[in-house]
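Engineer: Next comes the structure file coords-v2.cif, holding mmCIF, C-alpha atoms.
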```
data_final
loop_
_atom_site.group_PDB
_atom_site.id
_atom_site.type_symbol
_atom_site.label_atom_id
_atom_site.label_comp_id
_atom_site.auth_asym_id
_atom_site.auth_seq_id
_atom_site.Cartn_x
_atom_site.Cartn_y
_atom_site.Cartn_z
ATOM 1 C CA MET Y 1 19.968 0.675 10.496
ATOM 2 C CA ASP Y 2 21.366 1.229 7.004
ATOM 3 C CA PHE Y 3 19.737 3.089 4.116
ATOM 4 C CA VAL Y 4 20.275 5.819 1.527
ATOM 5 C CA ALA Y 5 18.151 8.995 1.364
ATOM 6 C CA LEU Y 6 17.710 10.555 -2.078
ATOM 7 C CA ASP Y 7 16.312 13.790 -3.493
ATOM 8 C CA PHE Y 8 16.153 15.286 -6.996
ATOM 9 C CA GLU Y 9 15.319 18.766 -8.252
ATOM 10 C CA THR Y 10 14.260 19.292 -11.877
ATOM 11 C CA ALA Y 11 14.604 22.202 -14.296
ATOM 12 C CA ASN Y 12 11.045 21.881 -15.585
ATOM 13 C CA THR Y 13 8.052 19.558 -15.535
ATOM 14 C CA ASN Y 14 9.896 16.981 -17.658
ATOM 15 C CA ARG Y 15 10.934 14.268 -15.212
ATOM 16 C CA SER Y 16 14.258 13.745 -17.019
ATOM 17 C CA SER Y 17 15.279 17.401 -16.572
ATOM 18 C CA VAL Y 18 17.160 16.689 -13.332
ATOM 19 C CA CYS Y 19 19.325 19.668 -12.336
ATOM 20 C CA SER Y 20 20.533 18.579 -8.887
ATOM 21 C CA ILE Y 21 20.783 15.494 -6.731
ATOM 22 C CA GLY Y 22 21.360 14.995 -3.024
ATOM 23 C CA ILE Y 23 22.201 11.669 -1.384
ATOM 24 C CA VAL Y 24 22.738 10.822 2.289
ATOM 25 C CA VAL Y 25 24.187 7.434 3.236
ATOM 26 C CA VAL Y 26 23.154 6.198 6.695
ATOM 27 C CA LYS Y 27 25.046 3.368 8.386
ATOM 28 C CA ASN Y 28 24.026 1.993 11.788
ATOM 29 C CA GLY Y 29 21.646 4.916 12.240
ATOM 30 C CA ASN Y 30 24.299 7.589 11.619
ATOM 31 C CA VAL Y 31 25.182 9.655 8.558
ATOM 32 C CA ALA Y 32 28.244 8.033 6.986
ATOM 33 C CA ASP Y 33 28.488 9.941 3.700
ATOM 34 C CA GLU Y 34 26.818 12.687 1.682
ATOM 35 C CA TYR Y 35 26.773 13.511 -2.012
ATOM 36 C CA TYR Y 36 25.549 16.667 -3.762
ATOM 37 C CA GLN Y 37 25.879 17.539 -7.416
ATOM 38 C CA LEU Y 38 24.432 20.119 -9.782
ATOM 39 C CA ILE Y 39 23.553 18.473 -13.095
ATOM 40 C CA LYS Y 40 23.273 19.943 -16.577
ATOM 41 C CA PRO Y 41 20.056 18.608 -18.140
ATOM 42 C CA ARG Y 42 19.850 17.858 -21.854
ATOM 43 C CA ASP Y 43 16.894 20.210 -22.083
ATOM 44 C CA MET Y 44 18.232 23.499 -20.755
ATOM 45 C CA TYR Y 45 14.799 25.088 -20.435
ATOM 46 C CA PHE Y 46 14.335 26.144 -16.814
ATOM 47 C CA ASP Y 47 10.701 26.740 -15.954
ATOM 48 C CA PRO Y 48 10.436 30.019 -13.990
ATOM 49 C CA LEU Y 49 8.212 28.302 -11.419
ATOM 50 C CA CYS Y 50 10.820 25.587 -10.841
ATOM 51 C CA VAL Y 51 13.562 28.208 -10.552
ATOM 52 C CA ARG Y 52 11.450 30.047 -7.986
ATOM 53 C CA ILE Y 53 11.127 26.830 -5.990
ATOM 54 C CA HIS Y 54 14.744 25.621 -5.928
ATOM 55 C CA GLY Y 55 16.712 28.688 -7.063
ATOM 56 C CA ILE Y 56 18.835 26.818 -9.633
ATOM 57 C CA THR Y 57 19.357 28.626 -12.955
ATOM 58 C CA PRO Y 58 20.904 27.665 -16.323
ATOM 59 C CA GLU Y 59 23.960 29.720 -15.368
ATOM 60 C CA ASP Y 60 24.435 27.599 -12.242
ATOM 61 C CA VAL Y 61 24.623 24.328 -14.189
ATOM 62 C CA LYS Y 62 26.269 25.384 -17.461
ATOM 63 C CA ASP Y 63 29.596 23.766 -16.487
ATOM 64 C CA SER Y 64 28.094 20.859 -14.524
ATOM 65 C CA PRO Y 65 28.261 17.211 -15.612
ATOM 66 C CA SER Y 66 25.337 15.475 -17.287
ATOM 67 C CA PHE Y 67 23.250 12.837 -15.549
ATOM 68 C CA SER Y 68 25.009 10.058 -17.452
ATOM 69 C CA GLU Y 69 28.357 11.398 -16.235
ATOM 70 C CA VAL Y 70 27.357 11.398 -12.561
ATOM 71 C CA TRP Y 71 25.546 8.066 -12.746
ATOM 72 C CA LYS Y 72 28.790 6.122 -12.364
ATOM 73 C CA ASP Y 73 29.274 7.862 -8.993
ATOM 74 C CA ILE Y 74 25.748 7.495 -7.642
ATOM 75 C CA SER Y 75 24.832 4.054 -8.969
ATOM 76 C CA PRO Y 76 26.968 2.167 -6.393
ATOM 77 C CA LEU Y 77 25.308 4.159 -3.595
ATOM 78 C CA LEU Y 78 21.854 2.944 -4.622
ATOM 79 C CA GLU Y 79 22.465 -0.589 -5.873
ATOM 80 C CA GLY Y 80 21.213 -3.215 -3.432
ATOM 81 C CA ASN Y 81 20.343 -0.712 -0.702
ATOM 82 C CA LEU Y 82 17.093 0.531 0.792
ATOM 83 C CA VAL Y 83 16.465 3.996 -0.658
ATOM 84 C CA ILE Y 84 14.366 6.569 1.211
ATOM 85 C CA ALA Y 85 12.720 9.614 -0.379
ATOM 86 C CA HIS Y 86 9.981 12.053 0.589
ATOM 87 C CA ASN Y 87 7.239 11.726 -2.025
ATOM 88 C CA ALA Y 88 9.204 8.831 -3.462
ATOM 89 C CA SER Y 89 6.951 8.465 -6.504
ATOM 90 C CA PHE Y 90 8.395 11.735 -7.838
ATOM 91 C CA ASP Y 91 12.048 10.919 -7.176
ATOM 92 C CA MET Y 92 11.749 7.376 -8.517
ATOM 93 C CA SER Y 93 10.081 8.611 -11.696
ATOM 94 C CA VAL Y 94 12.845 11.208 -12.137
ATOM 95 C CA LEU Y 95 15.395 8.435 -11.787
ATOM 96 C CA ARG Y 96 13.622 6.142 -14.257
ATOM 97 C CA TYR Y 97 13.014 8.859 -16.855
ATOM 98 C CA SER Y 98 16.631 10.029 -16.592
ATOM 99 C CA LEU Y 99 17.998 6.507 -16.975
ATOM 100 C CA ASP Y 100 15.748 5.864 -19.960
ATOM 101 C CA GLU Y 101 16.732 9.122 -21.642
ATOM 102 C CA CYS Y 102 20.409 8.195 -21.263
ATOM 103 C CA GLN Y 103 19.767 4.534 -22.208
ATOM 104 C CA LEU Y 104 21.274 3.346 -18.928
ATOM 105 C CA ASP Y 105 20.348 0.137 -17.115
ATOM 106 C CA TYR Y 106 18.171 0.365 -14.030
ATOM 107 C CA PRO Y 107 19.799 -0.463 -10.693
ATOM 108 C CA SER Y 108 18.128 -2.931 -8.332
ATOM 109 C CA PHE Y 109 16.942 -1.675 -4.944
ATOM 110 C CA SER Y 110 13.970 -1.399 -2.608
ATOM 111 C CA TYR Y 111 12.613 1.982 -1.580
ATOM 112 C CA ASN Y 112 10.301 3.532 0.951
ATOM 113 C CA CYS Y 113 8.436 6.834 1.035
ATOM 114 C CA THR Y 114 8.656 9.052 4.115
ATOM 115 C CA VAL Y 115 5.308 10.622 3.212
ATOM 116 C CA ASN Y 116 3.695 7.213 3.757
ATOM 117 C CA VAL Y 117 5.777 6.662 6.890
ATOM 118 C CA SER Y 118 4.884 10.099 8.297
ATOM 119 C CA LYS Y 119 1.153 9.721 7.634
ATOM 120 C CA LYS Y 120 1.079 6.489 9.641
ATOM 121 C CA THR Y 121 3.343 7.823 12.411
ATOM 122 C CA TRP Y 122 2.324 11.423 13.186
ATOM 123 C CA LEU Y 123 -1.417 11.525 12.730
ATOM 124 C CA GLY Y 124 -3.333 14.740 12.201
ATOM 125 C CA LEU Y 125 -0.685 17.006 10.696
ATOM 126 C CA PRO Y 126 -2.159 19.724 8.429
ATOM 127 C CA SER Y 127 0.019 18.445 5.582
ATOM 128 C CA TYR Y 128 2.707 15.853 5.032
ATOM 129 C CA SER Y 129 4.954 17.958 2.830
ATOM 130 C CA LEU Y 130 8.577 17.775 3.940
ATOM 131 C CA ASN Y 131 8.657 21.268 5.435
ATOM 132 C CA VAL Y 132 5.534 20.617 7.545
ATOM 133 C CA VAL Y 133 6.833 17.291 8.858
ATOM 134 C CA ALA Y 134 10.223 18.884 9.549
ATOM 135 C CA ARG Y 135 8.576 21.725 11.463
ATOM 136 C CA HIS Y 136 6.648 19.202 13.551
ATOM 137 C CA LEU Y 137 9.962 17.499 14.379
ATOM 138 C CA GLN Y 138 11.689 20.860 14.981
ATOM 139 C CA ILE Y 139 14.147 20.373 12.121
ATOM 140 C CA GLU Y 140 15.363 23.519 10.378
ATOM 141 C CA PHE Y 141 16.512 23.337 6.768
ATOM 142 C CA LYS Y 142 16.453 24.978 3.334
ATOM 143 C CA HIS Y 143 13.543 23.329 1.538
ATOM 144 C CA HIS Y 144 14.092 22.270 -2.103
ATOM 145 C CA HIS Y 145 17.859 22.085 -1.781
ATOM 146 C CA ALA Y 146 18.460 18.478 -2.852
ATOM 147 C CA LEU Y 147 21.036 17.640 -0.196
ATOM 148 C CA GLU Y 148 19.148 19.297 2.648
ATOM 149 C CA ASP Y 149 15.918 17.593 1.582
ATOM 150 C CA ALA Y 150 17.739 14.246 1.582
ATOM 151 C CA GLN Y 151 19.203 15.009 5.015
ATOM 152 C CA VAL Y 152 15.755 15.787 6.412
ATOM 153 C CA ALA Y 153 14.176 12.719 4.796
ATOM 154 C CA ALA Y 154 16.835 10.626 6.530
ATOM 155 C CA GLN Y 155 16.078 12.281 9.881
ATOM 156 C CA VAL Y 156 12.330 11.830 9.410
ATOM 157 C CA TYR Y 157 12.840 8.125 8.745
ATOM 158 C CA LEU Y 158 15.127 7.667 11.746
ATOM 159 C CA GLN Y 159 12.761 9.561 14.047
ATOM 160 C CA ALA Y 160 9.818 7.527 12.766
ATOM 161 C CA CYS Y 161 11.684 4.335 13.642
ATOM 162 C CA LYS Y 162 12.408 5.689 17.115
ATOM 163 C CA TYR Y 163 8.819 6.876 17.625
ATOM 164 C CA ASN Y 164 7.465 3.496 16.572
ATOM 165 C CA LYS Y 165 10.024 1.665 18.719
ATOM 166 C CA VAL Y 166 11.404 -0.439 15.874
ATOM 167 C CA THR Y 167 14.984 -1.282 14.982
ATOM 168 C CA SER Y 168 14.624 -2.613 11.444
ATOM 169 C CA HIS Y 169 12.994 -1.680 8.148
ATOM 170 C CA VAL Y 170 10.898 -4.846 8.194
ATOM 171 C CA GLU Y 171 9.534 -4.023 11.648
ATOM 172 C CA LEU Y 172 8.609 -0.509 10.512
ATOM 173 C CA ILE Y 173 6.702 -1.508 7.388
ATOM 174 C CA GLU Y 174 4.959 -4.319 9.267
ATOM 175 C CA LYS Y 175 3.924 -2.055 12.137
ATOM 176 C CA LEU Y 176 2.713 0.755 9.854
ATOM 177 C CA GLU Y 177 1.231 -1.662 7.310
ATOM 178 C CA ILE Y 178 2.825 0.073 4.348
ATOM 179 C CA GLY Y 179 4.399 -1.450 1.263
ATOM 180 C CA GLN Y 180 7.949 -0.948 0.038
ATOM 181 C CA GLY Y 181 8.597 -0.280 -3.625
ATOM 182 C CA THR Y 182 11.262 -1.838 -5.813
ATOM 183 C CA ILE Y 183 13.155 -0.865 -8.945
ATOM 184 C CA TYR Y 184 14.932 -3.399 -11.111
ATOM 185 C CA ALA Y 185 15.784 -4.189 -14.770
ATOM 186 C CA ASN Y 186 13.371 -1.766 -16.456
ATOM 187 C CA GLY Y 187 10.530 -2.598 -14.095
ATOM 188 C CA TYR Y 188 9.262 -1.241 -10.804
ATOM 189 C CA THR Y 189 6.727 -1.777 -8.051
ATOM 190 C CA PRO Y 190 5.429 1.405 -6.374
ATOM 191 C CA ALA Y 191 5.615 2.011 -2.637
ATOM 192 C CA ARG Y 192 2.173 1.749 -1.060
ATOM 193 C CA ALA Y 193 0.597 3.805 1.715
ATOM 194 C CA ASN Y 194 -1.437 0.721 2.615
ATOM 195 C CA LYS Y 195 0.150 -2.681 2.446
ATOM 196 C CA LYS Y 196 -1.450 -4.827 -0.201
ATOM 197 C CA LYS Y 197 -0.502 -7.007 -3.098
ATOM 198 C CA SER Y 198 0.391 -4.845 -6.080
ATOM 199 C CA LYS Y 199 1.126 -5.665 -9.673
ATOM 200 C CA THR Y 200 4.646 -5.171 -10.925
ATOM 201 C CA LYS Y 201 4.792 -2.431 -13.535
ATOM 202 C CA ARG Y 202 6.942 -2.665 -16.587
ATOM 203 C CA SER Y 203 8.548 0.565 -17.760
ATOM 204 C CA THR Y 204 7.235 1.920 -21.047
ATOM 205 C CA LEU Y 205 9.979 4.522 -21.150
ATOM 206 C CA SER Y 206 12.927 2.432 -22.241
ATOM 207 C CA MET Y 207 14.651 3.617 -25.373
ATOM 208 C CA ASN Y 208 16.541 0.323 -25.798
#
```
As a first step, turn the structure in this file into structure tokens.
Structural biologist:
Amino acid sequence: MDFVALDFETANTNRSSVCSIGIVVVKNGNVADEYYQLIKPRDMYFDPLCVRIHGITPEDVKDSPSFSEVWKDISPLLEGNLVIAHNASFDMSVLRYSLDECQLDYPSFSYNCTVNVSKKTWLGLPSYSLNVVARHLQIEFKHHHALEDAQVAAQVYLQACKYNKVTSHVELIEKLEIGQGTIYANGYTPARANKKKSKTKRSTLSMN
């Protein structure tokens, strides 16, 4: 089973204020590669609440590359792959807002949300935040560190496949009756907790 797990942290409530990214590449069910990078956002305002959550400060990123500079490294990891994220609507909006701010083309890929997967797999948890799901699966990690969050999202997805006795992405979404999302050429379709026909959304963020 091949996929890429992704996580962003942001400096403030602006979705384009990405300050770190973590990526885990899974090949044949095993971690094949990892990528972590601090990013210097255009808007260097760091909301104290966000800093309290992830611990990243302006000092930490002052010499870091911009999103547009790291995009050339991360774009090939996403293009054409299945991308996994926990609360994927947040991470996909961060990606879209960041690409639009930098006037960069959208990649093309499908994505799935491990919140949706977890809700249909482990019923009755008090919450489906990443730390609660990880605790249920006895996974220890530093929450809100982009790479560790991506690592745990990958493990959650793999364990969900094992729990549901499936060996492919198609089998998983069919069994759980959830819908995959897609991103492509300035448009996107959101991932759905319940599988149903959804309208493709066209981005209104493009600066082109």
Engineer: If we count only C-alpha atoms and set the cut-off at 6 Å, which residues sit around stretch 110-125 of chain Y, ignoring sequence neighbours fewer than 2 positions away in its own chain? Please answer as a PyMOL selection string.
Structural biologist: chain Y and resi 82-88+127+176+180-182+193
Engineer: Considering all atoms listed in the file, can you say which of Y:Glu9, Y:Asp43, Y:Glu34, Y:Asp100 comes closest to Y:Gly55?
Structural biologist: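 Of the candidates, the smallest distance to Y:Gly55 is held by Y:Glu9.
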Engineer: Suppose you want the space between atom CA of Y:Tyr45 and atom CA of Y:Asp63; what is it in Å?
Structural biologist: 15.4 Å
Engineer: As a check of understanding, name the residues that the PyMOL selection byres ((chain Y and resi 60) around 12) selects in the supplied structure, as a PyMOL selection string.
Structural biologist: chain Y and resi 11+19-20+37-41+44+46+51+54-59+61-65
Engineer: In terms of the shortest atom-to-atom distance over only C-alpha atoms, which of Y:Thr167, Y:Asn186, Y:Ser17, Y:Val26 is closest to Y:Ala154?
Structural biologist: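 That would be Y:Val26, the residue with the smallest distance to Y:Ala154.
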Engineer: Pick from Y:Ala146, Y:Val152, Y:Leu77, Y:Ala185: nearest to Y:Val18, with only C-alpha atoms counted?
Structural biologist: Y:Ala146
Engineer: Nearest to Y:Leu158: which of Y:Asn81, Y:Pro126, Y:Val132, Y:Leu172 is it, counting only C-alpha atoms?
Structural biologist: Y:Leu172
Engineer: Given the PyMOL selection byres ((chain Y and resi 96) around 12) and the file above, list the residues it selects as a ChimeraX atom specification.
Structural biologist: /Y:8,14-18,67,88-95,97-108,182-188,202-207
Engineer: Find the distance between atom CA of Y:Glu174 and atom CA of Y:Asn194 and write it in Å to one decimal.
Structural biologist: 10.5 Å
Engineer: Ranking Y:Phe141, Y:Cys50, Y:Val133, Y:Gln155 by minimum distance to Y:Val31 and counting only C-alpha atoms, which one comes first?
Structural biologist: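 Result for the nearest residue to Y:Val31: Y:Gln155.
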Engineer: Distance atom CA of Y:Arg192-atom CA of Y:Tyr36, one decimal place?
Structural biologist: 27.9 Å
Engineer: With the PyMOL selection byres ((chain Y and resi 142) around 12) as the selection, what would be picked from this file? Answer as a PyMOL selection string, please.
Structural biologist: chain Y and resi 53-55+130-131+134-135+139-141+143-152
Engineer: Working from the structure I just supplied, which lacks atoms in stretch 23-46 of chain Y, can you model N, CA and C atoms there and output them as a CSV table (one decimal), in the coordinates of the input?
Structural biologist:
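Done, and the output landed in out-v6.csv:
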```csv
chain,number,residue,atom,x,y,z
Y,23,ILE,N,22.2,13.0,-1.9
Y,23,ILE,CA,22.2,11.7,-1.4
Y,23,ILE,C,22.8,11.7,0.0
Y,24,VAL,N,22.2,11.0,0.9
Y,24,VAL,CA,22.7,10.8,2.3
Y,24,VAL,C,22.8,9.3,2.6
Y,25,VAL,N,24.0,8.8,2.9
Y,25,VAL,CA,24.2,7.4,3.2
Y,25,VAL,C,24.2,7.3,4.8
Y,26,VAL,N,23.3,6.4,5.3
Y,26,VAL,CA,23.2,6.2,6.7
Y,26,VAL,C,23.6,4.8,7.0
Y,27,LYS,N,24.5,4.7,7.9
Y,27,LYS,CA,25.0,3.4,8.4
Y,27,LYS,C,24.9,3.3,9.9
Y,28,ASN,N,24.3,2.2,10.4
Y,28,ASN,CA,24.0,2.0,11.8
Y,28,ASN,C,23.3,3.2,12.4
Y,29,GLY,N,22.4,3.8,11.7
Y,29,GLY,CA,21.6,4.9,12.2
Y,29,GLY,C,22.3,6.3,12.2
Y,30,ASN,N,23.5,6.3,11.7
Y,30,ASN,CA,24.3,7.6,11.6
Y,30,ASN,C,24.7,7.9,10.2
Y,31,VAL,N,24.8,9.2,9.9
Y,31,VAL,CA,25.2,9.7,8.6
Y,31,VAL,C,26.6,9.3,8.3
Y,32,ALA,N,26.9,8.5,7.3
Y,32,ALA,CA,28.2,8.0,7.0
Y,32,ALA,C,28.8,8.8,5.8
Y,33,ASP,N,28.0,9.3,4.9
Y,33,ASP,CA,28.5,9.9,3.7
Y,33,ASP,C,27.4,10.8,3.1
Y,34,GLU,N,27.8,11.8,2.4
Y,34,GLU,CA,26.8,12.7,1.7
Y,34,GLU,C,27.3,13.0,0.3
Y,35,TYR,N,26.4,13.2,-0.6
Y,35,TYR,CA,26.8,13.5,-2.0
Y,35,TYR,C,25.8,14.6,-2.5
Y,36,TYR,N,26.4,15.6,-3.1
Y,36,TYR,CA,25.5,16.7,-3.8
Y,36,TYR,C,26.2,17.1,-5.1
Y,37,GLN,N,25.4,17.2,-6.1
Y,37,GLN,CA,25.9,17.5,-7.4
Y,37,GLN,C,24.8,18.3,-8.2
Y,38,LEU,N,25.2,19.5,-8.8
Y,38,LEU,CA,24.4,20.1,-9.8
Y,38,LEU,C,24.6,19.3,-11.1
Y,39,ILE,N,23.5,19.3,-11.9
Y,39,ILE,CA,23.6,18.5,-13.1
Y,39,ILE,C,23.0,19.3,-14.2
Y,40,LYS,N,23.7,19.2,-15.4
Y,40,LYS,CA,23.3,19.9,-16.6
Y,40,LYS,C,22.3,19.1,-17.4
Y,41,PRO,N,21.0,19.4,-17.4
Y,41,PRO,CA,20.1,18.6,-18.1
Y,41,PRO,C,20.2,18.8,-19.7
Y,42,ARG,N,19.8,17.8,-20.4
Y,42,ARG,CA,19.8,17.9,-21.9
Y,42,ARG,C,19.0,19.0,-22.3
Y,43,ASP,N,17.8,19.1,-21.8
Y,43,ASP,CA,16.9,20.2,-22.1
Y,43,ASP,C,17.2,21.3,-21.1
Y,44,MET,N,17.8,22.4,-21.6
Y,44,MET,CA,18.2,23.5,-20.8
Y,44,MET,C,17.1,24.5,-20.5
Y,45,TYR,N,15.9,24.2,-20.8
Y,45,TYR,CA,14.8,25.1,-20.4
Y,45,TYR,C,14.5,25.0,-18.9
Y,46,PHE,N,14.6,26.1,-18.2
Y,46,PHE,CA,14.3,26.1,-16.8
Y,46,PHE,C,13.0,26.9,-16.6
```
